[in-house]
Structures are given as C-alpha cells and as structure tokens.
$ cat start14.cif   # mmCIF, C-alpha atoms and all ligand atoms
data_query
#
loop_
_atom_site.label_atom_id
_atom_site.label_comp_id
_atom_site.auth_asym_id
_atom_site.auth_seq_id
_atom_site.Cartn_x
_atom_site.Cartn_y
_atom_site.Cartn_z
CA MET A 1 147.69 104.85 93.68
CA LEU A 2 144.84 104.41 96.16
CA VAL A 3 145.85 102.36 99.22
CA PRO A 4 143.17 99.74 99.92
CA GLN A 5 141.47 100.48 103.24
CA ILE A 6 140.71 96.89 104.06
CA ASP A 7 143.91 95.11 104.98
CA LEU A 8 143.73 91.52 106.20
CA SER A 9 147.44 90.84 106.26
CA ASP A 10 147.57 89.78 109.92
CA HIS A 11 144.40 87.75 109.61
CA VAL A 12 143.82 84.03 109.32
CA ALA A 13 140.69 82.94 107.48
CA VAL A 14 138.91 79.65 107.01
CA VAL A 15 136.66 79.32 103.97
CA THR A 16 134.63 76.12 103.74
CA GLY A 17 133.65 74.70 100.38
CA ALA A 18 136.31 76.88 98.80
CA GLY A 19 137.38 74.49 96.06
CA GLY A 20 135.10 76.10 93.48
CA GLY A 21 132.27 78.56 92.88
CA LEU A 22 131.66 81.22 95.51
CA GLY A 23 134.06 79.80 98.10
CA ARG A 24 136.98 79.86 95.67
CA SER A 25 136.18 83.47 94.83
CA HIS A 26 136.06 84.41 98.54
CA ALA A 27 139.36 82.60 99.23
CA LEU A 28 141.11 84.39 96.37
CA ALA A 29 139.70 87.75 97.44
CA LEU A 30 140.73 87.22 101.07
CA SER A 31 144.23 86.33 99.94
CA GLU A 32 144.41 89.41 97.71
CA ARG A 33 143.86 91.47 100.87
CA GLY A 34 146.71 89.64 102.60
CA ALA A 35 144.83 87.02 104.65
CA HIS A 36 146.30 83.58 105.26
CA VAL A 37 143.61 81.19 104.07
CA VAL A 38 142.57 77.64 104.87
CA VAL A 39 140.91 76.45 101.68
CA ASN A 40 138.57 73.73 102.85
CA ASP A 41 136.71 71.49 100.44
CA LEU A 42 135.61 67.89 100.62
CA GLY A 43 135.65 67.77 96.83
CA VAL A 44 132.15 66.39 96.28
CA ALA A 45 129.66 66.57 93.44
CA SER A 46 126.79 69.06 93.82
CA ASP A 47 124.65 66.43 95.56
CA GLY A 48 127.35 65.72 98.16
CA THR A 49 128.41 62.34 96.76
CA ASP A 50 131.71 61.23 95.26
CA ALA A 51 134.14 62.90 97.72
CA GLY A 52 137.83 63.28 96.98
CA ARG A 53 138.16 65.64 94.01
CA PRO A 54 141.29 67.77 94.41
CA ALA A 55 139.29 71.02 94.42
CA ALA A 56 140.95 72.59 97.49
CA ASP A 57 144.47 71.87 96.24
CA THR A 58 143.82 73.60 92.93
CA VAL A 59 142.71 76.78 94.70
CA VAL A 60 145.69 76.63 97.08
CA GLU A 61 147.96 76.43 94.02
CA GLU A 62 146.23 79.46 92.49
CA ILE A 63 146.74 81.46 95.69
CA THR A 64 150.36 80.47 96.25
CA GLU A 65 151.25 81.07 92.59
CA ALA A 66 149.90 84.59 93.02
CA GLY A 67 152.18 85.07 96.05
CA GLY A 68 149.56 84.45 98.75
CA HIS A 69 149.47 82.09 101.73
CA ALA A 70 147.06 79.17 101.73
CA ILE A 71 146.76 75.58 102.87
CA ALA A 72 144.25 72.93 101.86
CA SER A 73 141.85 71.09 104.13
CA HIS A 74 139.84 68.14 102.85
CA ASP A 75 137.64 67.53 105.88
CA SER A 76 133.87 67.56 105.94
CA VAL A 77 132.16 70.43 107.73
CA SER A 78 129.32 68.15 108.79
CA ASP A 79 131.53 65.81 110.77
CA PRO A 80 132.41 67.10 114.28
CA ASP A 81 135.99 65.82 114.02
CA GLY A 82 136.21 67.26 110.50
CA ALA A 83 134.99 70.67 111.64
CA ARG A 84 137.54 70.71 114.46
CA ALA A 85 140.29 69.63 112.05
CA ILE A 86 139.46 72.46 109.63
CA VAL A 87 139.96 75.05 112.37
CA ALA A 88 142.95 73.18 113.83
CA ALA A 89 144.66 73.42 110.43
CA ALA A 90 144.50 77.22 110.65
CA VAL A 91 145.73 77.30 114.23
CA GLU A 92 148.56 74.84 113.60
CA ALA A 93 149.75 76.72 110.53
CA TRP A 94 149.38 80.30 111.71
CA GLY A 95 148.47 80.24 115.42
CA GLN A 96 145.02 81.81 115.21
CA VAL A 97 141.73 82.08 113.36
CA ASP A 98 140.13 85.48 112.85
CA VAL A 99 137.65 84.84 110.05
CA VAL A 100 135.31 81.98 109.19
CA VAL A 101 133.33 82.00 105.98
CA ASN A 102 130.82 79.16 106.17
CA ASN A 103 130.11 78.46 102.52
CA ALA A 104 130.16 74.68 101.89
CA GLY A 105 126.94 73.41 100.43
CA ILE A 106 125.14 70.71 98.51
CA LEU A 107 121.77 70.36 96.82
CA ARG A 108 119.26 67.50 96.97
CA ASP A 109 116.22 69.24 95.54
CA ALA A 110 112.80 67.63 95.87
CA THR A 111 109.33 68.89 96.63
CA LEU A 112 108.21 68.03 100.15
CA HIS A 113 105.85 65.50 98.59
CA LYS A 114 108.87 63.55 97.29
CA LEU A 115 111.53 64.40 99.88
CA THR A 116 113.36 61.40 101.33
CA LEU A 117 114.83 61.28 104.82
CA ASP A 118 118.30 60.80 103.28
CA ASP A 119 117.98 64.00 101.27
CA LEU A 120 116.71 65.89 104.29
CA ASP A 121 119.51 64.66 106.55
CA ALA A 122 122.27 65.25 103.98
CA VAL A 123 121.28 68.85 103.28
CA LEU A 124 120.70 69.78 106.93
CA ALA A 125 124.04 68.15 107.82
CA VAL A 126 126.18 70.19 105.42
CA HIS A 127 124.50 73.59 105.55
CA LEU A 128 123.10 73.85 109.06
CA LYS A 129 125.08 71.42 111.18
CA GLY A 130 128.26 72.19 109.21
CA THR A 131 127.89 75.93 109.81
CA ILE A 132 127.28 75.39 113.53
CA LEU A 133 130.12 72.87 114.00
CA VAL A 134 132.80 74.91 112.21
CA SER A 135 131.69 78.07 114.07
CA GLN A 136 131.77 76.25 117.39
CA ALA A 137 135.27 74.95 116.68
CA ALA A 138 136.54 78.46 115.87
CA LEU A 139 134.76 80.29 118.68
CA PRO A 140 137.20 79.59 121.57
CA TYR A 141 140.13 81.01 119.55
CA MET A 142 138.17 84.15 118.73
CA ARG A 143 136.96 84.60 122.30
CA GLU A 144 140.51 84.32 123.55
CA ARG A 145 141.69 87.10 121.24
CA THR A 146 138.43 89.09 121.61
CA TYR A 147 138.15 89.36 117.87
CA GLY A 148 136.37 87.38 115.17
CA ARG A 149 134.33 87.67 112.02
CA PHE A 150 131.84 85.08 110.81
CA VAL A 151 130.12 85.23 107.44
CA HIS A 152 127.57 82.47 106.90
CA THR A 153 125.94 81.59 103.62
CA SER A 154 122.17 81.53 103.64
CA SER A 155 120.03 81.79 100.52
CA ALA A 156 116.97 83.42 99.04
CA ALA A 157 115.47 79.92 99.28
CA GLY A 158 115.78 80.08 103.08
CA LEU A 159 114.63 83.65 103.54
CA PHE A 160 112.02 83.98 100.79
CA GLY A 161 111.24 80.34 99.87
CA ASN A 162 111.77 78.35 96.69
CA PHE A 163 109.59 75.69 95.11
CA GLY A 164 111.19 72.26 95.41
CA GLN A 165 113.76 73.17 98.08
CA SER A 166 112.08 72.38 101.40
CA ASN A 167 115.22 70.72 102.81
CA TYR A 168 117.61 73.38 101.51
CA GLY A 169 115.28 76.27 102.44
CA ALA A 170 114.91 74.96 105.98
CA ALA A 171 118.68 74.55 106.34
CA LYS A 172 119.37 78.04 105.00
CA ALA A 173 116.73 79.65 107.23
CA GLY A 174 118.39 77.82 110.12
CA VAL A 175 121.74 79.35 109.16
CA ALA A 176 120.21 82.84 109.39
CA GLY A 177 118.66 82.13 112.79
CA PHE A 178 121.89 80.63 114.09
CA SER A 179 123.87 83.68 113.00
CA ARG A 180 121.67 86.02 115.02
CA THR A 181 122.24 84.03 118.18
CA LEU A 182 125.99 83.83 117.54
CA ALA A 183 125.97 87.60 116.99
CA LEU A 184 124.47 88.10 120.47
CA GLU A 185 126.70 85.55 122.21
CA GLY A 186 129.85 86.83 120.50
CA ALA A 187 129.23 90.56 120.90
CA LYS A 188 131.16 91.10 124.12
CA TYR A 189 134.15 89.22 122.68
CA GLY A 190 134.44 91.48 119.64
CA ILE A 191 132.93 88.79 117.43
CA ARG A 192 130.59 89.70 114.57
CA SER A 193 128.33 87.28 112.74
CA ASN A 194 126.55 88.15 109.51
CA VAL A 195 124.83 86.33 106.70
CA ILE A 196 124.78 86.60 102.95
CA ALA A 197 122.11 85.34 100.58
CA PRO A 198 124.16 85.25 97.37
CA MET A 199 123.24 84.86 93.73
CA ALA A 200 126.00 83.67 91.44
CA GLN A 201 126.59 81.49 88.47
CA THR A 202 128.31 78.36 89.75
CA ARG A 203 127.93 74.66 89.03
CA MET A 204 125.16 74.67 91.67
CA THR A 205 123.05 77.16 89.75
CA GLU A 206 124.16 76.70 86.14
CA ASP A 207 120.74 75.45 84.99
CA LEU A 208 118.63 77.77 87.15
CA LEU A 209 119.49 81.36 86.41
CA GLY A 210 118.24 81.84 82.85
CA PRO A 211 119.11 85.16 81.22
CA LEU A 212 120.62 86.53 84.45
CA ALA A 213 123.43 83.94 84.45
CA GLY A 214 125.96 86.03 82.52
CA ARG A 215 125.58 88.88 85.02
CA LEU A 216 126.16 86.78 88.12
CA ASP A 217 129.93 86.44 88.43
CA PRO A 218 130.82 85.04 91.91
CA ALA A 219 133.50 87.75 92.06
CA LEU A 220 130.68 90.27 92.53
CA VAL A 221 129.70 88.57 95.80
CA SER A 222 133.15 88.43 97.40
CA PRO A 223 133.71 92.19 98.03
CA LEU A 224 130.81 92.23 100.51
CA VAL A 225 132.13 89.06 102.15
CA ILE A 226 135.57 90.65 102.52
CA TYR A 227 134.04 93.78 104.04
CA LEU A 228 132.01 91.70 106.52
CA CYS A 229 135.22 89.74 107.35
CA SER A 230 137.19 92.86 108.16
CA GLU A 231 137.70 95.09 111.19
CA ALA A 232 135.79 97.79 109.28
CA CYS A 233 132.59 95.81 109.84
CA GLU A 234 131.08 96.57 113.21
CA PHE A 235 127.62 95.37 112.19
CA THR A 236 126.41 92.05 113.49
CA GLY A 237 123.36 89.81 113.21
CA GLU A 238 122.53 91.19 109.80
CA ALA A 239 121.75 89.59 106.45
CA TYR A 240 122.46 90.84 102.96
CA THR A 241 121.28 89.89 99.51
CA VAL A 242 124.20 90.05 97.10
CA GLY A 243 124.63 89.22 93.45
CA GLY A 244 124.90 90.76 90.01
CA GLY A 245 126.35 93.93 91.50
CA ARG A 246 123.47 94.65 93.90
CA TYR A 247 124.27 94.83 97.61
CA ALA A 248 121.32 95.27 99.99
CA ARG A 249 120.47 94.52 103.60
CA ILE A 250 117.56 92.18 104.28
CA ALA A 251 115.27 93.31 107.08
CA THR A 252 113.70 91.03 109.67
CA GLY A 253 111.00 92.99 111.35
CA PHE A 254 107.34 93.58 111.93
CA GLY A 255 104.81 96.36 111.59
CA ASN A 256 102.93 98.40 114.16
CA GLY A 257 100.21 95.78 114.17
CA TRP A 258 96.98 96.01 116.11
CA LEU A 259 97.11 96.46 119.87
CA VAL A 260 94.18 95.50 122.02
CA ALA A 261 93.97 95.24 125.75
CA ASP A 262 90.95 93.04 126.31
CA HIS A 263 89.27 89.89 125.07
CA VAL A 264 89.88 89.10 121.39
CA THR A 265 87.98 86.68 119.21
CA PRO A 266 89.10 85.10 115.92
CA ASP A 267 86.48 87.33 114.27
CA ASP A 268 88.19 90.42 115.73
CA ILE A 269 91.41 89.21 114.10
CA GLY A 270 89.59 88.95 110.78
CA ASP A 271 88.16 92.45 111.21
CA HIS A 272 91.66 93.90 111.79
CA ILE A 273 93.66 91.69 109.48
CA ASP A 274 94.75 94.55 107.19
CA GLN A 275 96.19 96.45 110.15
CA ILE A 276 97.85 93.29 111.51
CA ARG A 277 99.46 92.57 108.14
CA ALA A 278 100.58 96.13 107.35
CA ILE A 279 104.32 96.72 107.39
CA ASP A 280 104.55 100.33 106.27
CA THR A 281 106.40 100.94 109.55
CA LEU A 282 109.07 98.33 110.24
CA HIS A 283 110.33 97.48 113.73
CA GLU A 284 113.53 95.42 113.77
CA PRO A 285 114.21 93.89 117.18
CA GLN A 286 117.89 93.17 117.76
CA SER A 287 117.17 90.17 119.97
CA THR A 288 114.34 88.30 121.68
CA MET A 289 114.90 90.43 124.79
CA ASP A 290 114.52 93.51 122.64
CA GLU A 291 111.23 92.11 121.35
CA ILE A 292 110.02 91.37 124.90
CA THR A 293 110.88 94.84 126.22
CA GLY A 294 109.34 96.40 123.10
CA LEU A 295 106.06 94.59 123.71
CA ALA A 296 106.14 95.49 127.42
CA SER A 297 106.56 99.13 126.54
CA ARG A 298 103.70 99.01 123.98
CA LEU A 299 101.53 97.50 126.73
CA GLY A 300 102.60 100.19 129.19
CA ILE A 301 104.35 97.65 131.45
CA ASP A 302 107.66 98.48 133.11
CA PRO A 303 109.96 95.67 131.85
CA ASP A 304 112.02 95.91 135.06
CA GLY A 305 109.02 96.09 137.36
P1 LIG B 1 129.55 74.89 94.59
O1 LIG B 1 128.92 73.55 94.45
O2 LIG B 1 130.42 75.39 93.51
O3 LIG B 1 130.36 74.99 95.96
C1 LIG B 1 130.07 74.28 97.11
C2 LIG B 1 131.34 73.61 97.58
O4 LIG B 1 131.12 73.01 98.86
C3 LIG B 1 131.83 72.50 96.64
O5 LIG B 1 133.15 72.77 96.19
C4 LIG B 1 131.74 71.24 97.50
O6 LIG B 1 132.76 70.29 97.21
C5 LIG B 1 131.86 71.80 98.90
N1 LIG B 1 131.29 70.92 99.93
C6 LIG B 1 130.11 70.26 99.88
N2 LIG B 1 129.93 69.54 100.98
C7 LIG B 1 131.01 69.78 101.78
C8 LIG B 1 131.37 69.36 103.08
N3 LIG B 1 130.60 68.51 103.78
N4 LIG B 1 132.53 69.80 103.61
C9 LIG B 1 133.33 70.64 102.91
N5 LIG B 1 133.03 71.08 101.66
C10 LIG B 1 131.88 70.66 101.11
O7 LIG B 1 128.32 75.90 94.80
P2 LIG B 1 128.26 77.48 95.12
O8 LIG B 1 127.18 78.02 94.30
O9 LIG B 1 129.59 78.10 95.04
O10 LIG B 1 127.73 77.47 96.62
C11 LIG B 1 128.42 78.04 97.72
C12 LIG B 1 127.42 78.34 98.80
O11 LIG B 1 126.52 79.38 98.39
C13 LIG B 1 126.53 77.15 99.18
O12 LIG B 1 126.31 77.14 100.58
C14 LIG B 1 125.24 77.46 98.46
O13 LIG B 1 124.13 76.81 99.06
C15 LIG B 1 125.19 78.95 98.59
N6 LIG B 1 124.32 79.63 97.65
C16 LIG B 1 124.70 79.72 96.34
C17 LIG B 1 123.89 80.39 95.46
C18 LIG B 1 124.29 80.64 94.05
O14 LIG B 1 123.58 81.40 93.38
N7 LIG B 1 125.36 80.04 93.56
C19 LIG B 1 122.57 80.93 95.88
C20 LIG B 1 122.32 80.85 97.28
C21 LIG B 1 123.18 80.19 98.12
#
$ encode --input "start14.cif" --output "structure tokens" --more "lines below"
Ligand code: NAI
Amino acid sequence: MLVPQIDLSDHVAVVTGAGGGLGRSHALALSERGAHVVVNDLGVASDGTDAGRPAADTVVEEITEAGGHAIASHDSVSDPDGARAIVAAAVEAWGQVDVVVNNAGILRDATLHKLTLDDLDAVLAVHLKGTILVSQAALPYMRERTYGRFVHTSSAAGLFGNFGQSNYGAAKAGVAGFSRTLALEGAKYGIRSNVIAPMAQTRMTEDLLGPLAGRLDPALVSPLVIYLCSEACEFTGEAYTVGGGRYARIATGFGNGWLVADHVTPDDIGDHIDQIRAIDTLHEPQSTMDEITGLASRLGIDPDG
C-alpha cells in the first residue's frame, strides 16, 4: 500500500463555512489526513440570512463517526469577536492553529445598477472582512510557532469578472490582494498564504453551472486545498483555478510594455497601444518592492543609489 505523503496528524485546522458545500469537503479531507478540525459555520441561507441551521454539527458528526477529531463553531467570520472565538476554539481544544481555510461565503447578486448598500455591505463583510478577521485572529499563534498555512477562497468572479456580481467580485478580488500581502508579512515566520478560485456544484451554484454541473464535485477541489495546507507547500502569494479535475496557477503579471524616456503624449500612447497591451512575455512581480526595483532597472537607475 502506498503511504500518503501528506500527513496532517499533528496539525490543527480551522475551516470557515464548513457546514456544507466546499467547506465540508475540505474539512472531511483535512480530517482524512489526520488534522484536528474546527468546523465553523453560521448555518445561514445562501444570502446570509436565517442563521442557526445545525450545519457545522452535522459535519462534526460525520468526521467523528469516521474516527476523526472535530469540533463545531457557530460564530460569524464577519464579527470581530466571532472571528476570535473561531480561532480560540481551536486553541482551547488542541493548543494551536496551523491551518486556516477561509471559505465562508454568501451571495447577494445584483448588477451595479440595482445594487443596494445592504447587499454591498453584507457581501464585503463575509468574504473580505471575514477572511481578514479570521486570519488576523490566527496569525499570532502561527507567528509564535513559526509555521502556518492559509488558503483563502477567491473566485473567477473576482479575478476575471462576472456579470451581476459587482459586490461579490470586488470582495473576492480583495481576498486575492489581501493574501499577497499576508504572504509577504508571514514569510519570515514560516507562514504561507495562497488563494483558490474554485468551481464546484454546491447550493451556491446549483442554478449556474449548466451542463458542467455533474463534473464539478467539490471533492475535486479539496486535494489542492490539502496540498496548500501542508508542509509540502512552500509556495506563497499564489492563486489557483480549481474545479472539474483541472488544477492550474493563475498568473498576475504584465508584459514588456513600451519604454520611453522623454515626453509622452496621449497620441503616443495610442500609437503604441498594441505594444503596451501585448503580454507575450509575462513578468510576475512578487511584491510592490519587486515591481519598483524592476522598473528602476528597466530605466537604468540603481535602486539602492
Ligand atoms: P455554500 O453556500 O455551500 O457554503 C458557504 C457556507 O458559508 C455556508 O454553509 C454558510 O452557512 C457559511 N457562512 C456564510 N456566512 C457565514 C459567516 N458569516 N460565518 C460563518 N459561516 C458562514 O457555498 P460553496 O459553494 O461551498 O462556497 C464556499 C466558498 O467558495 C464561498 O466563499 C464561495 O464564494 C466560494 N466559491 C464557490 C464557487 C463554487 O463554484 N461553488 C465558485 C467560486 C467561489
């Protein structure tokens, strides 16, 4: 029998929104690899209303019946006290937190033309603020042990856009931007922070996926999440599209562009627009500093001078 290479048996993981869909799948998969899991879920409907369904407890039962270790948390990720309580549950039960999978999410779809402030606030609160608050609560424990793995859930809507999801797309793009900064700030403490943009058939997407739906089992997303949650993953600040059995890194970069030393007019931009837009060569800065030193070097300026 092949011995699995990824072993999480000494690891404590928090998965938010793990009472169903993708989060449940991640929690089960983490437990299968030996992790102790906090199954967090507020138990809301897809639009974030009607809290209190026993979603987290059901998944905890599934894990414990299979011989794993899990506890339920019913706090909201978007509430600062709730976020702290989610992480505290892990620390109180098992003394540490090694892994955070930020997955909780809601939908309040509307075109920008029809978007209400309530629907904007609610979606930003769960996806963006929730991801930041739970990460911030876990960070001190990871820094202390100089080890941690964050996997945050972005979306194609945030990275590529989606009609009718201005609030959700903005929140999910924010998650991706946040992860890159956390990757930089956590690097010297052995902390890695990566992002997935999943595609899976869940209650959130049941009416959206058309003929692809039957191919998009959430269980096809979790293996990448488990890899990114493990010691095997040394990458950080990256994003992956994952679903239907395809696993691929998403690049954030720019082309060679057009370099000019002297006065430029808007008409010059128009004359060179094809060169400015070309991305046949892709540069991928690892940070803003990397981008600044890269530009300095293109301009022939000593960045230290
Ligand atoms: P889901 O609706 O089955 O799961 C989301 C879970 O989050 C629910 O169980 C819900 O009760 C929980 N939740 C909502 N607000 C919460 C809060 N404030 N605190 C704690 N828990 C809360 O949907 P699904 O599809 O499993 O979504 C999981 C994540 O994946 C979400 O962030 C979603 O935006 C993202 N995603 C899903 C895609 C898909 O194809 N299913 C596509 C792209 C992103």
$ closest_atom_pairs --input "start14.cif" --of "chain A" --to "ligand LIG 1 (chain B)" --cutoff "6 Å" --atoms "all atoms listed in the file" --output "tab-separated table"
residue	atom	partner	partner_atom	distance
A:Thr16	CA	B:LIG1	N5	5.7
A:Gly17	CA	B:LIG1	O4	3.4
A:Ala18	CA	B:LIG1	O5	5.8
A:Gly19	CA	B:LIG1	O5	4.6
A:Gly20	CA	B:LIG1	O5	4.7
A:Gly21	CA	B:LIG1	O9	3.5
A:Leu22	CA	B:LIG1	O9	3.8
A:Gly23	CA	B:LIG1	O9	5.7
A:Asp41	CA	B:LIG1	N5	3.9
A:Leu42	CA	B:LIG1	N5	4.2
A:Gly43	CA	B:LIG1	O6	3.9
A:Val44	CA	B:LIG1	O6	4.1
A:Ser46	CA	B:LIG1	O1	5.0
A:Gly48	CA	B:LIG1	N2	5.4
A:Ser76	CA	B:LIG1	N4	3.5
A:Val77	CA	B:LIG1	N4	4.2
A:Ser78	CA	B:LIG1	N3	5.2
A:Asn103	CA	B:LIG1	O12	4.5
A:Ala104	CA	B:LIG1	O4	3.6
A:Gly105	CA	B:LIG1	O12	3.8
A:Ile106	CA	B:LIG1	C6	5.2
A:Val126	CA	B:LIG1	N3	5.0
A:Thr153	CA	B:LIG1	O12	5.4
A:Ser154	CA	B:LIG1	C21	5.8
A:Ser155	CA	B:LIG1	C20	4.1
A:Ala197	CA	B:LIG1	C20	5.6
A:Pro198	CA	B:LIG1	C20	4.8
A:Met199	CA	B:LIG1	O14	3.5
A:Ala200	CA	B:LIG1	O14	3.8
A:Gln201	CA	B:LIG1	N7	5.4
A:Thr202	CA	B:LIG1	O8	4.7
A:Arg203	CA	B:LIG1	O2	5.2
A:Met204	CA	B:LIG1	O7	4.6
A:Thr205	CA	B:LIG1	N7	5.3
$ residues_near_point --input "start14.cif" --point "(146.0, 76.8, 99.0)" --cutoff "8 Å" --atoms "all atoms listed in the file" --output "PDB file with C-alpha atoms, keeping the file's coordinate frame"
ATOM      1  CA  VAL A  37     143.610  81.190 104.070  1.00  0.00           C
ATOM      2  CA  VAL A  38     142.570  77.640 104.870  1.00  0.00           C
ATOM      3  CA  VAL A  39     140.910  76.450 101.680  1.00  0.00           C
ATOM      4  CA  ALA A  56     140.950  72.590  97.490  1.00  0.00           C
ATOM      5  CA  ASP A  57     144.470  71.870  96.240  1.00  0.00           C
ATOM      6  CA  THR A  58     143.820  73.600  92.930  1.00  0.00           C
ATOM      7  CA  VAL A  59     142.710  76.780  94.700  1.00  0.00           C
ATOM      8  CA  VAL A  60     145.690  76.630  97.080  1.00  0.00           C
ATOM      9  CA  GLU A  61     147.960  76.430  94.020  1.00  0.00           C
ATOM     10  CA  GLU A  62     146.230  79.460  92.490  1.00  0.00           C
ATOM     11  CA  ILE A  63     146.740  81.460  95.690  1.00  0.00           C
ATOM     12  CA  THR A  64     150.360  80.470  96.250  1.00  0.00           C
ATOM     13  CA  HIS A  69     149.470  82.090 101.730  1.00  0.00           C
ATOM     14  CA  ALA A  70     147.060  79.170 101.730  1.00  0.00           C
ATOM     15  CA  ILE A  71     146.760  75.580 102.870  1.00  0.00           C
ATOM     16  CA  ALA A  72     144.250  72.930 101.860  1.00  0.00           C
TER      17      ALA A  72
END
$ closest_residue --input "start14.cif" --among "A:Leu30, A:Ala187, A:Val123, A:Leu212" --to "Ala170 (chain A)" --atoms "all atoms listed in the file"
A:Val123
$ closest_residue --input "start14.cif" --among "A:His127, A:Ile226, A:Ala171, A:Glu206" --to "Glu32 (chain A)" --atoms "all atoms listed in the file"
A:Ile226
$ atom_distance --input "start14.cif" --atom1 "CA of Leu28 (chain A)" --atom2 "CA of Ala156 (chain A)"
24.3 Å
$ residues_around --input "start14.cif" --residues "Leu139 (chain A)" --least-positions-apart "4" --cutoff "12 Å" --atoms "only C-alpha atoms" --output "number ranges by chain"
A: 83-84, 87-88, 96-100, 132-135, 143-150, 182-183, 185-187, 189-193
$ atom_distance --input "start14.cif" --atom1 "CA of Leu224 (chain A)" --atom2 "CA of Ile196 (chain A)"
8.6 Å
$ closest_residue --input "start14.cif" --among "A:Leu282, A:Val195, A:Ile250, A:Ile292" --to "Thr181 (chain A)" --atoms "all atoms listed in the file"
A:Val195
$ closest_residue --input "start14.cif" --among "A:Lys172, A:Arg24, A:Arg215, A:Lys129" --to "Gly82 (chain A)" --atoms "only C-alpha atoms"
A:Lys129
$ atom_distance --input "start14.cif" --atom1 "CA of Val101 (chain A)" --atom2 "CA of Val15 (chain A)"
4.7 Å
$ axis_aligned_box --input "start14.cif" --around "region 228-243 of chain A" --padding-each-side "3 Å" --output "lines of an AutoDock Vina configuration file"
center_x = 129.5
center_y = 93.5
center_z = 103.5
size_x = 22.4
size_y = 14.6
size_z = 26.0
$ residues_around --input "start14.cif" --residues "Asn194 (chain A)" --least-positions-apart "3" --cutoff "7 Å" --atoms "only C-alpha atoms" --output "list of chain:residue names"
A:Phe150, A:Val151, A:His152, A:Ser179, A:Thr236, A:Gly237, A:Glu238, A:Ala239
$ closest_residue --input "start14.cif" --among "A:Asp81, A:Asp274, A:Glu92, A:Asp109" --to "Ala137 (chain A)" --atoms "all atoms listed in the file"
A:Asp81
$ closest_residue --input "start14.cif" --among "A:Asp262, A:Phe254, A:Asp290, A:Pro54" --to "Ile276 (chain A)" --atoms "all atoms listed in the file"
A:Phe254
$ residues_around --input "start14.cif" --residues "Ala219 (chain A)" --least-positions-apart "3" --cutoff "8 Å" --atoms "all atoms listed in the file" --output "PDB file with C-alpha atoms, keeping the file's coordinate frame"
ATOM      1  CA  LEU A  22     131.660  81.220  95.510  1.00  0.00           C
ATOM      2  CA  SER A  25     136.180  83.470  94.830  1.00  0.00           C
ATOM      3  CA  HIS A  26     136.060  84.410  98.540  1.00  0.00           C
ATOM      4  CA  SER A 222     133.150  88.430  97.400  1.00  0.00           C
ATOM      5  CA  PRO A 223     133.710  92.190  98.030  1.00  0.00           C
TER       6      PRO A 223
END
$ build_atoms --input "start14.cif" --residues "region 117-131 of chain A" --atoms "N, CA, C and O atoms" --output "PDB file, in the coordinates of the input"
ATOM      1  N   LEU A 117     114.130  60.970 103.579  1.00  0.00           N
ATOM      2  CA  LEU A 117     114.830  61.280 104.820  1.00  0.00           C
ATOM      3  C   LEU A 117     116.329  61.468 104.557  1.00  0.00           C
ATOM      4  O   LEU A 117     116.971  62.344 105.143  1.00  0.00           O
ATOM      5  N   ASP A 118     116.873  60.675 103.644  1.00  0.00           N
ATOM      6  CA  ASP A 118     118.300  60.800 103.280  1.00  0.00           C
ATOM      7  C   ASP A 118     118.609  62.196 102.753  1.00  0.00           C
ATOM      8  O   ASP A 118     119.623  62.797 103.114  1.00  0.00           O
ATOM      9  N   ASP A 119     117.741  62.679 101.878  1.00  0.00           N
ATOM     10  CA  ASP A 119     117.980  64.000 101.270  1.00  0.00           C
ATOM     11  C   ASP A 119     117.759  65.126 102.278  1.00  0.00           C
ATOM     12  O   ASP A 119     118.405  66.173 102.196  1.00  0.00           O
ATOM     13  N   LEU A 120     116.879  64.906 103.218  1.00  0.00           N
ATOM     14  CA  LEU A 120     116.710  65.890 104.290  1.00  0.00           C
ATOM     15  C   LEU A 120     117.949  65.916 105.186  1.00  0.00           C
ATOM     16  O   LEU A 120     118.537  66.975 105.438  1.00  0.00           O
ATOM     17  N   ASP A 121     118.372  64.737 105.633  1.00  0.00           N
ATOM     18  CA  ASP A 121     119.510  64.660 106.550  1.00  0.00           C
ATOM     19  C   ASP A 121     120.791  65.208 105.907  1.00  0.00           C
ATOM     20  O   ASP A 121     121.554  65.935 106.541  1.00  0.00           O
ATOM     21  N   ALA A 122     121.013  64.848 104.643  1.00  0.00           N
ATOM     22  CA  ALA A 122     122.270  65.250 103.980  1.00  0.00           C
ATOM     23  C   ALA A 122     122.354  66.774 103.857  1.00  0.00           C
ATOM     24  O   ALA A 122     123.402  67.375 104.101  1.00  0.00           O
ATOM     25  N   VAL A 123     121.263  67.394 103.496  1.00  0.00           N
ATOM     26  CA  VAL A 123     121.280  68.850 103.280  1.00  0.00           C
ATOM     27  C   VAL A 123     121.360  69.596 104.618  1.00  0.00           C
ATOM     28  O   VAL A 123     122.139  70.547 104.756  1.00  0.00           O
ATOM     29  N   LEU A 124     120.596  69.139 105.611  1.00  0.00           N
ATOM     30  CA  LEU A 124     120.700  69.780 106.930  1.00  0.00           C
ATOM     31  C   LEU A 124     122.113  69.606 107.498  1.00  0.00           C
ATOM     32  O   LEU A 124     122.663  70.518 108.125  1.00  0.00           O
ATOM     33  N   ALA A 125     122.718  68.447 107.247  1.00  0.00           N
ATOM     34  CA  ALA A 125     124.040  68.150 107.820  1.00  0.00           C
ATOM     35  C   ALA A 125     125.100  69.115 107.273  1.00  0.00           C
ATOM     36  O   ALA A 125     125.905  69.640 108.039  1.00  0.00           O
ATOM     37  N   VAL A 126     125.120  69.341 105.975  1.00  0.00           N
ATOM     38  CA  VAL A 126     126.180  70.190 105.420  1.00  0.00           C
ATOM     39  C   VAL A 126     125.916  71.657 105.736  1.00  0.00           C
ATOM     40  O   VAL A 126     126.798  72.353 106.271  1.00  0.00           O
ATOM     41  N   HIS A 127     124.734  72.148 105.431  1.00  0.00           N
ATOM     42  CA  HIS A 127     124.500  73.590 105.550  1.00  0.00           C
ATOM     43  C   HIS A 127     124.346  74.022 107.018  1.00  0.00           C
ATOM     44  O   HIS A 127     125.010  74.958 107.459  1.00  0.00           O
ATOM     45  N   LEU A 128     123.448  73.352 107.723  1.00  0.00           N
ATOM     46  CA  LEU A 128     123.100  73.850 109.060  1.00  0.00           C
ATOM     47  C   LEU A 128     124.063  73.325 110.126  1.00  0.00           C
ATOM     48  O   LEU A 128     124.717  74.096 110.828  1.00  0.00           O
ATOM     49  N   LYS A 129     124.182  71.999 110.169  1.00  0.00           N
ATOM     50  CA  LYS A 129     125.080  71.420 111.180  1.00  0.00           C
ATOM     51  C   LYS A 129     126.528  71.827 110.870  1.00  0.00           C
ATOM     52  O   LYS A 129     127.281  72.182 111.787  1.00  0.00           O
ATOM     53  N   GLY A 130     126.900  71.817 109.593  1.00  0.00           N
ATOM     54  CA  GLY A 130     128.260  72.190 109.210  1.00  0.00           C
ATOM     55  C   GLY A 130     128.594  73.609 109.639  1.00  0.00           C
ATOM     56  O   GLY A 130     129.670  73.885 110.176  1.00  0.00           O
ATOM     57  N   THR A 131     127.675  74.521 109.416  1.00  0.00           N
ATOM     58  CA  THR A 131     127.890  75.930 109.810  1.00  0.00           C
ATOM     59  C   THR A 131     128.063  76.029 111.330  1.00  0.00           C
ATOM     60  O   THR A 131     128.960  76.721 111.832  1.00  0.00           O
TER      61      THR A 131
END
